[in-house]
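Raw query_26.cif, mmCIF, C-alpha atoms and all ligand atoms:
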```cif
data_model
#
loop_
_atom_site.label_atom_id
_atom_site.label_comp_id
_atom_site.auth_asym_id
_atom_site.auth_seq_id
_atom_site.Cartn_x
_atom_site.Cartn_y
_atom_site.Cartn_z
CA MET A 1 -28.38 4.51 -105.51
CA PRO A 2 -25.75 1.76 -105.35
CA VAL A 3 -27.61 -1.54 -105.45
CA LEU A 4 -25.60 -3.13 -102.64
CA GLY A 5 -26.15 -1.26 -99.41
CA PHE A 6 -24.59 -1.57 -95.97
CA GLY A 7 -27.12 -1.55 -93.12
CA THR A 8 -26.19 -0.01 -89.79
CA LEU A 9 -28.65 -1.82 -87.51
CA ILE A 10 -25.85 -2.79 -85.11
CA PRO A 11 -26.57 -2.53 -81.37
CA ASP A 12 -22.94 -2.19 -80.24
CA ALA A 13 -21.32 1.25 -80.72
CA ASP A 14 -17.76 -0.01 -81.25
CA VAL A 15 -18.91 -2.65 -83.73
CA THR A 16 -20.91 0.04 -85.55
CA THR A 17 -17.74 2.09 -85.96
CA SER A 18 -15.48 -0.76 -87.09
CA ALA A 19 -18.09 -2.36 -89.37
CA THR A 20 -18.88 0.97 -91.06
CA ARG A 21 -15.19 1.67 -91.67
CA ASP A 22 -14.67 -1.89 -92.97
CA ALA A 23 -17.67 -1.61 -95.27
CA LEU A 24 -16.45 1.66 -96.76
CA GLN A 25 -12.96 0.26 -97.23
CA ALA A 26 -14.32 -2.92 -98.83
CA GLY A 27 -16.21 -0.80 -101.37
CA PHE A 28 -19.72 -0.23 -100.03
CA ARG A 29 -20.95 3.20 -101.12
CA HIS A 30 -24.54 3.03 -99.86
CA PHE A 31 -25.20 3.35 -96.11
CA ASP A 32 -28.60 2.79 -94.52
CA CYS A 33 -29.13 4.43 -91.12
CA ALA A 34 -32.02 5.28 -88.80
CA GLU A 35 -32.74 7.55 -85.89
CA ARG A 36 -34.13 4.43 -84.16
CA TYR A 37 -30.79 2.57 -84.36
CA ARG A 38 -29.37 5.16 -81.94
CA ASN A 39 -25.95 5.03 -83.58
CA GLU A 40 -26.10 7.79 -86.20
CA GLN A 41 -23.33 9.54 -84.25
CA GLU A 42 -20.97 6.56 -84.57
CA VAL A 43 -21.89 6.03 -88.22
CA GLY A 44 -21.28 9.72 -88.94
CA GLU A 45 -17.87 9.68 -87.28
CA ALA A 46 -16.87 6.45 -89.03
CA LEU A 47 -17.96 7.83 -92.40
CA ARG A 48 -16.16 11.11 -91.91
CA ALA A 49 -12.91 9.38 -90.92
CA GLY A 50 -13.35 6.72 -93.58
CA LEU A 51 -13.97 9.17 -96.41
CA ALA A 52 -10.81 11.06 -95.50
CA ALA A 53 -8.76 7.87 -95.22
CA GLU A 54 -10.05 6.52 -98.56
CA GLY A 55 -9.68 9.85 -100.36
CA LEU A 56 -13.42 9.95 -101.06
CA ALA A 57 -15.86 12.88 -101.12
CA ARG A 58 -19.35 13.08 -99.59
CA GLU A 59 -20.81 12.84 -103.11
CA ASP A 60 -19.14 9.45 -103.56
CA ILE A 61 -21.47 7.84 -101.04
CA PHE A 62 -25.23 7.50 -100.77
CA VAL A 63 -26.66 7.96 -97.28
CA THR A 64 -30.16 7.20 -96.11
CA THR A 65 -31.73 7.70 -92.72
CA LYS A 66 -35.24 7.28 -91.40
CA LEU A 67 -37.88 9.24 -89.52
CA TRP A 68 -38.97 7.36 -86.39
CA ASN A 69 -42.60 6.62 -85.47
CA THR A 70 -42.65 9.18 -82.65
CA ASN A 71 -41.95 12.02 -85.11
CA HIS A 72 -44.84 11.61 -87.56
CA ARG A 73 -46.53 14.87 -86.58
CA PRO A 74 -45.70 17.30 -89.43
CA GLU A 75 -44.13 19.87 -87.09
CA ARG A 76 -41.73 17.20 -85.78
CA VAL A 77 -40.47 16.04 -89.19
CA GLU A 78 -37.97 18.77 -89.99
CA PRO A 79 -36.48 18.90 -86.44
CA ALA A 80 -36.07 15.10 -86.51
CA PHE A 81 -34.44 15.31 -89.93
CA GLU A 82 -32.06 18.08 -88.80
CA ALA A 83 -31.13 16.13 -85.65
CA SER A 84 -30.27 13.06 -87.74
CA LEU A 85 -28.26 15.17 -90.14
CA ALA A 86 -26.30 16.71 -87.24
CA ARG A 87 -25.58 13.30 -85.69
CA LEU A 88 -24.46 11.98 -89.08
CA LYS A 89 -22.35 15.12 -89.63
CA LEU A 90 -23.83 15.65 -93.07
CA ASN A 91 -25.39 18.66 -94.74
CA TYR A 92 -27.75 16.75 -97.00
CA LEU A 93 -29.24 13.29 -97.29
CA ASP A 94 -29.57 11.22 -100.42
CA LEU A 95 -32.73 9.54 -99.12
CA TYR A 96 -35.03 10.01 -96.14
CA LEU A 97 -37.57 7.30 -95.35
CA ILE A 98 -40.59 7.13 -93.09
CA HIS A 99 -39.36 4.18 -91.02
CA THR A 100 -42.77 2.59 -90.57
CA PRO A 101 -46.32 3.72 -91.42
CA TYR A 102 -47.27 3.59 -87.71
CA ALA A 103 -47.36 6.85 -85.74
CA PHE A 104 -46.48 6.46 -82.06
CA GLN A 105 -47.27 8.95 -79.32
CA PRO A 106 -44.93 11.91 -79.96
CA GLY A 107 -42.14 12.51 -77.47
CA ASP A 108 -38.62 11.52 -76.53
CA ASP A 109 -39.45 7.92 -75.63
CA GLN A 110 -38.95 5.95 -78.86
CA ASP A 111 -41.01 3.04 -77.53
CA PRO A 112 -43.99 4.58 -75.68
CA ARG A 113 -46.17 1.96 -73.99
CA ASP A 114 -48.99 1.84 -71.45
CA GLN A 115 -48.69 0.00 -68.13
CA ASN A 116 -49.71 -3.25 -69.83
CA GLY A 117 -46.88 -3.00 -72.34
CA ASN A 118 -49.13 -2.01 -75.26
CA ILE A 119 -47.74 0.46 -77.78
CA LEU A 120 -49.24 3.95 -77.52
CA TYR A 121 -50.21 4.91 -81.06
CA ASP A 122 -50.88 8.46 -82.20
CA HIS A 123 -54.23 8.61 -83.99
CA GLY A 124 -53.98 12.36 -84.49
CA VAL A 125 -51.86 12.25 -87.63
CA THR A 126 -52.24 10.47 -90.97
CA LEU A 127 -49.44 9.00 -93.03
CA LEU A 128 -50.31 11.43 -95.83
CA GLU A 129 -49.82 14.40 -93.47
CA THR A 130 -46.37 13.04 -92.58
CA TRP A 131 -45.65 12.48 -96.27
CA ARG A 132 -46.49 16.14 -97.05
CA ALA A 133 -43.87 17.21 -94.48
CA MET A 134 -41.37 14.87 -96.14
CA GLU A 135 -42.15 16.50 -99.52
CA ASN A 136 -41.34 19.88 -97.98
CA LEU A 137 -37.84 18.65 -97.11
CA VAL A 138 -37.22 17.83 -100.77
CA ASP A 139 -38.59 21.25 -101.79
CA ARG A 140 -36.12 22.91 -99.44
CA GLY A 141 -33.22 20.99 -100.98
CA LYS A 142 -32.43 19.11 -97.79
CA CYS A 143 -32.75 15.61 -99.17
CA ARG A 144 -32.66 14.33 -102.68
CA ALA A 145 -35.35 11.69 -102.41
CA ILE A 146 -37.96 10.37 -99.99
CA GLY A 147 -39.56 7.00 -99.51
CA LEU A 148 -41.35 4.57 -97.26
CA SER A 149 -40.37 1.51 -95.29
CA ASP A 150 -42.27 -1.41 -93.77
CA VAL A 151 -45.36 -0.74 -95.87
CA THR A 152 -47.66 -3.25 -97.49
CA LEU A 153 -48.90 -2.83 -101.04
CA ALA A 154 -52.29 -1.78 -99.64
CA GLY A 155 -50.57 0.89 -97.55
CA LEU A 156 -48.32 2.11 -100.35
CA VAL A 157 -50.95 2.63 -103.08
CA PRO A 158 -52.89 5.51 -101.44
CA ILE A 159 -49.69 7.40 -100.63
CA TYR A 160 -48.36 6.82 -104.13
CA GLU A 161 -51.63 8.09 -105.63
CA SER A 162 -51.84 11.22 -103.45
CA ALA A 163 -48.14 12.11 -103.40
CA ARG A 164 -46.96 15.27 -105.13
CA ILE A 165 -43.40 13.91 -104.89
CA LYS A 166 -43.66 10.15 -105.45
CA PRO A 167 -41.80 7.73 -103.17
CA ALA A 168 -38.46 6.94 -104.80
CA VAL A 169 -37.73 3.87 -102.67
CA VAL A 170 -39.70 1.28 -100.74
CA GLN A 171 -37.67 -0.60 -98.13
CA VAL A 172 -39.13 -3.89 -96.88
CA GLU A 173 -38.04 -7.32 -95.69
CA SER A 174 -37.45 -9.61 -98.64
CA HIS A 175 -35.65 -12.89 -99.37
CA PRO A 176 -36.66 -16.17 -101.06
CA TYR A 177 -38.97 -16.98 -98.13
CA LEU A 178 -40.70 -13.58 -98.51
CA PRO A 179 -40.37 -12.53 -102.15
CA GLU A 180 -43.11 -9.85 -102.02
CA ASN A 181 -43.67 -10.34 -105.75
CA GLU A 182 -46.78 -8.15 -106.01
CA LEU A 183 -45.14 -5.25 -104.21
CA LEU A 184 -42.04 -5.64 -106.39
CA GLU A 185 -44.14 -5.55 -109.57
CA PHE A 186 -45.98 -2.45 -108.39
CA CYS A 187 -42.66 -0.73 -107.65
CA LYS A 188 -41.22 -1.69 -111.04
CA ASP A 189 -44.34 -0.52 -112.88
CA ASN A 190 -44.29 2.85 -111.09
CA ASP A 191 -40.58 3.75 -111.08
CA MET A 192 -39.96 3.06 -107.42
CA LEU A 193 -36.93 1.15 -106.28
CA PHE A 194 -37.63 -1.90 -104.12
CA LEU A 195 -34.93 -2.08 -101.42
CA ALA A 196 -34.76 -5.44 -99.64
CA PHE A 197 -33.71 -5.66 -96.01
CA ALA A 198 -32.81 -8.99 -94.39
CA PRO A 199 -31.85 -10.53 -97.77
CA LEU A 200 -30.10 -13.27 -95.75
CA GLY A 201 -33.15 -13.75 -93.54
CA HIS A 202 -31.33 -11.65 -90.92
CA GLY A 203 -28.81 -14.50 -90.63
CA MET A 204 -31.39 -16.62 -88.79
CA ARG A 205 -30.97 -20.37 -88.81
CA PRO A 206 -32.89 -22.24 -89.97
CA GLY A 207 -33.54 -19.72 -92.71
CA PRO A 208 -32.66 -18.97 -96.34
CA LEU A 209 -28.90 -19.24 -95.60
CA GLU A 210 -29.41 -22.94 -94.84
CA ASP A 211 -32.06 -23.66 -97.45
CA PRO A 212 -31.12 -26.91 -99.25
CA ALA A 213 -31.70 -25.42 -102.73
CA VAL A 214 -29.54 -22.38 -101.91
CA SER A 215 -26.75 -24.54 -100.42
CA ALA A 216 -26.75 -26.85 -103.46
CA ILE A 217 -26.58 -23.90 -105.87
CA ALA A 218 -23.76 -22.36 -103.82
CA ALA A 219 -21.75 -25.59 -104.10
CA ARG A 220 -22.45 -25.78 -107.86
CA VAL A 221 -21.43 -22.20 -108.68
CA GLY A 222 -18.53 -21.99 -106.20
CA LYS A 223 -20.04 -19.20 -104.09
CA THR A 224 -21.25 -19.02 -100.49
CA PRO A 225 -24.98 -19.31 -99.69
CA ALA A 226 -24.93 -15.62 -98.71
CA GLN A 227 -23.50 -14.65 -102.11
CA VAL A 228 -26.15 -16.74 -103.87
CA LEU A 229 -28.97 -15.01 -101.93
CA LEU A 230 -27.58 -11.56 -102.65
CA ALA A 231 -27.09 -12.36 -106.35
CA TRP A 232 -30.70 -13.60 -106.54
CA ALA A 233 -31.95 -10.35 -104.99
CA VAL A 234 -30.06 -8.22 -107.51
CA GLN A 235 -31.06 -10.43 -110.43
CA ARG A 236 -34.76 -9.98 -109.70
CA GLY A 237 -34.35 -6.23 -109.85
CA THR A 238 -34.13 -5.20 -106.21
CA ALA A 239 -31.51 -3.25 -104.32
CA LEU A 240 -30.49 -4.74 -100.97
CA LEU A 241 -29.03 -4.07 -97.54
CA THR A 242 -26.80 -6.41 -95.56
CA THR A 243 -25.00 -5.98 -92.26
CA PRO A 244 -21.56 -7.58 -92.48
CA LYS A 245 -19.72 -6.96 -89.22
CA THR A 246 -16.22 -7.90 -90.34
CA ALA A 247 -14.01 -6.83 -93.24
CA ALA A 248 -13.98 -10.38 -94.62
CA ARG A 249 -17.78 -10.54 -94.69
CA ALA A 250 -18.00 -7.08 -96.24
CA ARG A 251 -15.76 -8.24 -99.10
CA GLU A 252 -17.73 -11.50 -99.40
CA ASN A 253 -21.05 -9.67 -99.63
CA LEU A 254 -19.79 -7.38 -102.40
CA ASP A 255 -18.25 -10.21 -104.41
CA ILE A 256 -21.36 -11.48 -106.15
CA SER A 257 -21.99 -12.50 -109.73
CA ALA A 258 -25.04 -13.38 -111.82
CA LEU A 259 -26.54 -16.81 -111.27
CA PRO A 260 -27.18 -19.22 -114.15
CA VAL A 261 -30.83 -18.92 -115.23
CA GLU A 262 -31.71 -22.42 -113.98
CA ALA A 263 -30.35 -21.57 -110.52
CA PHE A 264 -32.26 -18.28 -110.45
CA ASP A 265 -35.46 -20.10 -111.43
CA GLU A 266 -34.88 -22.80 -108.81
CA ILE A 267 -34.74 -20.16 -106.06
CA ASN A 268 -37.92 -18.58 -107.45
CA ARG A 269 -39.61 -21.96 -107.01
CA ILE A 270 -38.80 -22.24 -103.26
CA GLN A 271 -42.16 -22.66 -101.51
CA THR A 272 -41.19 -21.93 -97.87
CA ARG A 273 -42.76 -18.70 -96.64
CA GLN A 274 -41.48 -16.95 -93.53
CA ARG A 275 -41.36 -13.38 -92.27
CA PHE A 276 -38.58 -12.78 -89.74
CA ASN A 277 -39.45 -9.23 -88.68
CA GLU A 278 -42.97 -8.36 -87.50
CA VAL A 279 -42.38 -4.59 -87.71
CA VAL A 280 -44.72 -4.31 -90.70
CA LYS A 281 -47.64 -5.42 -88.50
CA THR A 282 -47.17 -3.15 -85.48
CA GLY A 283 -44.41 -0.60 -86.16
CA SER A 284 -42.41 -2.11 -83.30
CA PRO A 285 -39.00 -3.07 -84.70
CA GLY A 286 -38.17 -6.76 -84.59
CA PHE A 287 -34.37 -6.81 -84.80
CA ILE A 288 -33.64 -4.14 -82.17
CA PRO A 289 -32.82 -5.63 -78.76
CA GLN A 290 -35.52 -5.09 -76.11
CA GLY A 291 -35.01 -2.07 -73.91
CA SER A 292 -32.83 -0.10 -76.34
N1 LIG B 301 -36.76 -0.76 -92.36
C1 LIG B 301 -36.69 -1.63 -91.38
O1 LIG B 301 -37.61 -1.75 -90.56
C2 LIG B 301 -35.47 -2.48 -91.25
C3 LIG B 301 -35.52 -3.62 -90.45
C4 LIG B 301 -34.37 -4.40 -90.38
C5 LIG B 301 -33.24 -4.05 -91.06
N2 LIG B 301 -33.20 -2.91 -91.81
C6 LIG B 301 -31.97 -2.47 -92.49
O2 LIG B 301 -31.51 -3.52 -93.30
C7 LIG B 301 -30.15 -3.83 -92.93
C8 LIG B 301 -29.90 -5.27 -93.24
O3 LIG B 301 -30.77 -6.11 -92.51
P1 LIG B 301 -30.24 -7.38 -91.80
O4 LIG B 301 -29.22 -7.00 -90.83
O5 LIG B 301 -31.40 -8.16 -91.34
O6 LIG B 301 -29.56 -8.12 -93.06
P2 LIG B 301 -28.98 -9.52 -93.25
O7 LIG B 301 -27.69 -9.30 -93.95
O8 LIG B 301 -30.03 -10.40 -93.87
O9 LIG B 301 -28.70 -10.14 -91.82
C9 LIG B 301 -27.61 -9.81 -91.04
C10 LIG B 301 -27.14 -11.10 -90.41
O10 LIG B 301 -26.56 -11.88 -91.44
C11 LIG B 301 -25.29 -12.31 -91.06
N3 LIG B 301 -24.41 -12.22 -92.24
C12 LIG B 301 -24.01 -11.12 -92.93
N4 LIG B 301 -23.22 -11.47 -93.94
C13 LIG B 301 -23.13 -12.82 -93.91
C14 LIG B 301 -22.46 -13.77 -94.70
N5 LIG B 301 -21.74 -13.40 -95.74
N6 LIG B 301 -22.60 -15.08 -94.37
C15 LIG B 301 -23.34 -15.48 -93.32
N7 LIG B 301 -23.99 -14.62 -92.52
C16 LIG B 301 -23.88 -13.30 -92.81
C17 LIG B 301 -24.84 -11.42 -89.96
O11 LIG B 301 -24.16 -12.27 -89.09
P3 LIG B 301 -23.09 -11.79 -87.97
O12 LIG B 301 -23.92 -11.08 -86.95
O13 LIG B 301 -22.52 -13.05 -87.50
O14 LIG B 301 -22.11 -10.91 -88.69
C18 LIG B 301 -26.12 -10.91 -89.35
O15 LIG B 301 -26.53 -11.77 -88.29
C19 LIG B 301 -30.05 -3.40 -91.47
O16 LIG B 301 -28.75 -3.16 -91.03
C20 LIG B 301 -30.86 -2.12 -91.52
O17 LIG B 301 -30.09 -1.07 -92.08
C21 LIG B 301 -34.32 -2.14 -91.92
#
```

Can you present the structure in this file as C-alpha cells?
Ligand SMILES: NC(=O)c1ccc[n+]([C@@H]2O[C@H](COP(=O)([O-])OP(=O)(O)OC[C@H]3O[C@@H](n4cnc5c(N)ncnc54)[C@H](OP(=O)(O)O)[C@@H]3O)[C@@H](O)[C@H]2O)c1
Amino acid sequence: MPVLGFGTLIPDADVTTSATRDALQAGFRHFDCAERYRNEQEVGEALRAGLAAEGLAREDIFVTTKLWNTNHRPERVEPAFEASLARLKLNYLDLYLIHTPYAFQPGDDQDPRDQNGNILYDHGVTLLETWRAMENLVDRGKCRAIGLSDVTLAGLVPIYESARIKPAVVQVESHPYLPENELLEFCKDNDMLFLAFAPLGHGMRPGPLEDPAVSAIAARVGKTPAQVLLAWAVQRGTALLTTPKTAARARENLDISALPVEAFDEINRIQTRQRFNEVVKTGSPGFIPQGS
C-alpha cells in the first residue's frame, strides 16, 4: 500500500472529480473511499478517466472502500461490497474496511435515528459476525485485504485474536495532538498497518497546522507546516490520508522529506491532546456535513 494516500471525503461532486484527477496526476497512487461519502461514482469515473489519461493500469493504484454501519449484518456485506465495486467501476478492491465498529439499524437510510434524534443501533449483530463475512470476501478473491476503522485498542484486540484472516490495516484519526501510541505499537507488533486519517487535524484552526513547534520546524527546514506533519506521520511508521482539493496542494502533500531527528523528537514531545472527529465514540461520522 502506498504510504501517502488521497482521501475522498469531499462533499461536493465536482470537487471530488477534479481533486481525484489532480491527485492521480500529481502522483497519488492510493485512494481511500467509502460508501458513506456518497461519491464512489464520481471517484470511479475520475479514476477511470485519469488512468487512461496517465497511461496507467488498474494494478498501478491501490483502492480502498468501506462498509457502512447499516450493512453490518452478514447477509448485507457482500451486496454492499458489490454495490461499491460497481459504483467505483472496479472488479476488485485492494482493501475493504469496516468503516466503524458500530452497527446501525439495517436499511437504506445511512443515518437512522429515532424521533429524538438518537442513533438507532442494531444490537442483533456482533462485530465478529461482520468480520467473518469480510473474511469470506477475501476467500472469494474479491478483495486483497480487509481491515477496521475507527476502533480503539480495546475494540481491536478481540477481533485480532478471533480473526481467521487478520486485519491488514487499522484506519484511525492520528496527528501530533492524537498520537495513539499504544494502538500504533500494537499494530507494529502484530503486522498491521496503522493508517492515519486527519494527519493535518482535518485542516482545523487552531490545530496541529498552527502549532508553534510545527511552524518553527517548518521555517527551519524550509517546508510548509503541512509537509512537516505528513513527514512526522511517515517517520513514526504510519501510512496516512490527506484530502488536497487542488493540484498545487496535491503536489505539496506528496513533496515531503525526512525530518532531522531533533525536529521529529520535538513533535513527539508536543503535549496538546485533541480529537477532532468523535466518530470513534458513536459511529456517527464527524466530518460529513449534517443531512447528507
Ligand atoms: N475512517 C474514518 O472515519 C475517516 C474519517 C475522516 C476521514 N477519513 C479519510 O481520511 C481522509 C483524510 O482526512 P482529512 O480530510 O481529515 O485529512 P486532512 O488532510 O487532515 O484534512 C483535510 C483538510 O486539510 C486541508 N489541507 C490539505 N492539504 C493542506 C495543505 N497542504 N496545507 C494546508 N491545509 C491543507 C484541506 O483544506 P482545503 O479544504 O482548504 O483544501 C482540508 O480542509 C479523508 O478524505 C477520508 O478518506 C476517514

Inset, instruction - Enumerate residues in contact with ligand LIG 301 (chain B): an atom-to-atom distance of at most 7 Å, counting only C-alpha atoms and all ligand atoms. Format the result as a PyMOL selection string. - result: chain A and resi 6-10+32-33+99-100+149-150+171-173+197-204+226-227+241-246+249+252-253+279+285+287

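One finds CA of Gly50 in chain A at 25.6 Å from CA of Gly141 in chain A.
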
Inset, instruction - Kindly indicate which residue among A:Gln25, A:Leu88, A:Val15, A:Leu67 lies nearest to Arg48 in chain A, using only C-alpha atoms for the distances. - result: A:Leu88

Inset, instruction - Rank A:Leu240, A:Ile270, A:Val63, A:Ile288 by their smallest atom-to-atom distance to Pro11 in chain A, using all atoms listed in the file, and report the top residue only. - result: A:Ile288

With 9 Å as the cut-off and all atoms listed in the file counted, what is the closest atom pair between each nearby residue of range 107-188 of chain A and range 90-96 of chain A? Distances in Å to one decimal, ordered by chain and number, as a tab-separated table.
```
residue	atom	partner	partner_atom	distance
A:Met134	CA	A:Tyr96	CA	8.0
A:Gly141	CA	A:Tyr92	CA	8.0
A:Lys142	CA	A:Tyr92	CA	5.3
A:Cys143	CA	A:Leu93	CA	4.6
A:Arg144	CA	A:Asp94	CA	4.9
A:Ala145	CA	A:Leu95	CA	4.7
A:Ile146	CA	A:Tyr96	CA	4.9
A:Gly147	CA	A:Tyr96	CA	6.4
A:Leu148	CA	A:Tyr96	CA	8.4
A:Ala168	CA	A:Leu95	CA	8.5
A:Val169	CA	A:Leu95	CA	8.4
```

Legend entry - Phe62 in chain A surroundings by only C-alpha atoms, 7 Å radius, close-in-sequence under 6 positions cut, as JSON, numbers by chain: {"A": [1, 29, 30, 31, 94]}

Inset, instruction - Extract, using all atoms listed in the file, all DNA, RNA and protein residues at most 8 Å from Val77 in chain A, discarding same-chain residues fewer than 2 positions from it, and format them as a list in words. - result: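 Counting all atoms listed in the file, the residues come to Leu67, Asn71, His72, Arg73, Pro74, Glu75, Pro79, Ala80, Phe81, Thr130, Ala133 and Met134 of chain A.
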
Inset, instruction - List the neighbours of Tyr160 in chain A out to 12 Å using only C-alpha atoms; skip same-chain residues closer than 3 positions along the sequence, and give me the result as number ranges by chain. - result: A: 127-128, 131-132, 146-148, 151, 153-157, 163-170, 186-187, 190-192

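Note that CA of Ala103 in chain A and CA of Asp122 in chain A are 5.2 Å apart.
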
Legend entry - Point-to-point distance in Å for CA of Lys188 in chain A and CA of Thr238 in chain A: 9.3 Å

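Among the candidates A:Phe264, A:Tyr177, A:Phe28, A:Phe104, the one nearest to Phe276 in chain A when counting all atoms listed in the file is A:Tyr177.
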
Can you check which parts of range 73-184 of chain A lie within 10 Å of range 206-212 of chain A? Per residue, the shortest pair of atoms and distance in Å to one decimal, counting all atoms listed in the file, sorted by chain and number, as CSV.
```
residue,atom,partner,partner_atom,distance
A:His175,CA,A:Pro208,CA,7.4
A:Pro176,CA,A:Pro208,CA,6.8
A:Tyr177,CA,A:Pro208,CA,6.9
A:Leu178,CA,A:Pro208,CA,9.9
```

Missing atoms in range 1-19 of chain A: fill them in up to N, CA, C and O atoms and send the result as a short mmCIF file (atom, residue, chain, number, x, y, z; two decimals), keeping the file's coordinate frame.
```
data_model
loop_
_atom_site.label_atom_id
_atom_site.label_comp_id
_atom_site.auth_asym_id
_atom_site.auth_seq_id
_atom_site.Cartn_x
_atom_site.Cartn_y
_atom_site.Cartn_z
N MET A 1 -28.64 5.19 -106.78
CA MET A 1 -28.38 4.51 -105.51
C MET A 1 -27.62 3.21 -105.78
O MET A 1 -28.10 2.38 -106.55
N PRO A 2 -26.45 3.03 -105.16
CA PRO A 2 -25.75 1.76 -105.35
C PRO A 2 -26.63 0.60 -104.88
O PRO A 2 -27.24 0.66 -103.81
N VAL A 3 -26.69 -0.43 -105.70
CA VAL A 3 -27.61 -1.54 -105.45
C VAL A 3 -27.28 -2.29 -104.16
O VAL A 3 -28.18 -2.75 -103.45
N LEU A 4 -26.00 -2.42 -103.86
CA LEU A 4 -25.60 -3.13 -102.64
C LEU A 4 -25.40 -2.12 -101.52
O LEU A 4 -24.50 -1.27 -101.58
N GLY A 5 -26.23 -2.22 -100.51
CA GLY A 5 -26.15 -1.26 -99.41
C GLY A 5 -25.69 -1.92 -98.12
O GLY A 5 -25.92 -3.11 -97.89
N PHE A 6 -25.04 -1.11 -97.29
CA PHE A 6 -24.59 -1.57 -95.97
C PHE A 6 -25.59 -1.04 -94.95
O PHE A 6 -25.84 0.17 -94.86
N GLY A 7 -26.16 -1.94 -94.14
CA GLY A 7 -27.12 -1.55 -93.12
C GLY A 7 -26.44 -1.36 -91.78
O GLY A 7 -25.55 -2.12 -91.41
N THR A 8 -26.88 -0.35 -91.04
CA THR A 8 -26.19 -0.01 -89.79
C THR A 8 -27.00 -0.40 -88.54
O THR A 8 -26.78 0.16 -87.48
N LEU A 9 -27.89 -1.34 -88.69
CA LEU A 9 -28.65 -1.82 -87.51
C LEU A 9 -27.73 -2.73 -86.69
O LEU A 9 -27.75 -3.96 -86.81
N ILE A 10 -26.86 -2.08 -85.89
CA ILE A 10 -25.85 -2.79 -85.11
C ILE A 10 -25.92 -2.24 -83.69
O ILE A 10 -25.64 -1.06 -83.47
N PRO A 11 -26.34 -3.07 -82.72
CA PRO A 11 -26.57 -2.53 -81.37
C PRO A 11 -25.30 -2.00 -80.69
O PRO A 11 -25.39 -1.05 -79.91
N ASP A 12 -24.15 -2.57 -80.95
CA ASP A 12 -22.94 -2.19 -80.24
C ASP A 12 -22.24 -1.00 -80.93
O ASP A 12 -21.99 -1.05 -82.14
N ALA A 13 -21.89 0.03 -80.14
CA ALA A 13 -21.32 1.25 -80.72
C ALA A 13 -19.95 0.99 -81.36
O ALA A 13 -19.67 1.48 -82.47
N ASP A 14 -19.10 0.23 -80.68
CA ASP A 14 -17.76 -0.01 -81.25
C ASP A 14 -17.85 -0.84 -82.52
O ASP A 14 -17.11 -0.60 -83.48
N VAL A 15 -18.75 -1.82 -82.52
CA VAL A 15 -18.91 -2.65 -83.73
C VAL A 15 -19.48 -1.80 -84.87
O VAL A 15 -19.08 -1.95 -86.03
N THR A 16 -20.38 -0.87 -84.52
CA THR A 16 -20.91 0.04 -85.55
C THR A 16 -19.76 0.76 -86.23
O THR A 16 -19.68 0.84 -87.47
N THR A 17 -18.85 1.31 -85.42
CA THR A 17 -17.74 2.09 -85.96
C THR A 17 -16.84 1.22 -86.84
O THR A 17 -16.55 1.57 -87.99
N SER A 18 -16.42 0.07 -86.32
CA SER A 18 -15.48 -0.76 -87.09
C SER A 18 -16.16 -1.33 -88.33
O SER A 18 -15.56 -1.35 -89.42
N ALA A 19 -17.40 -1.76 -88.21
CA ALA A 19 -18.09 -2.36 -89.37
C ALA A 19 -18.32 -1.31 -90.46
O ALA A 19 -18.20 -1.62 -91.65
#
```
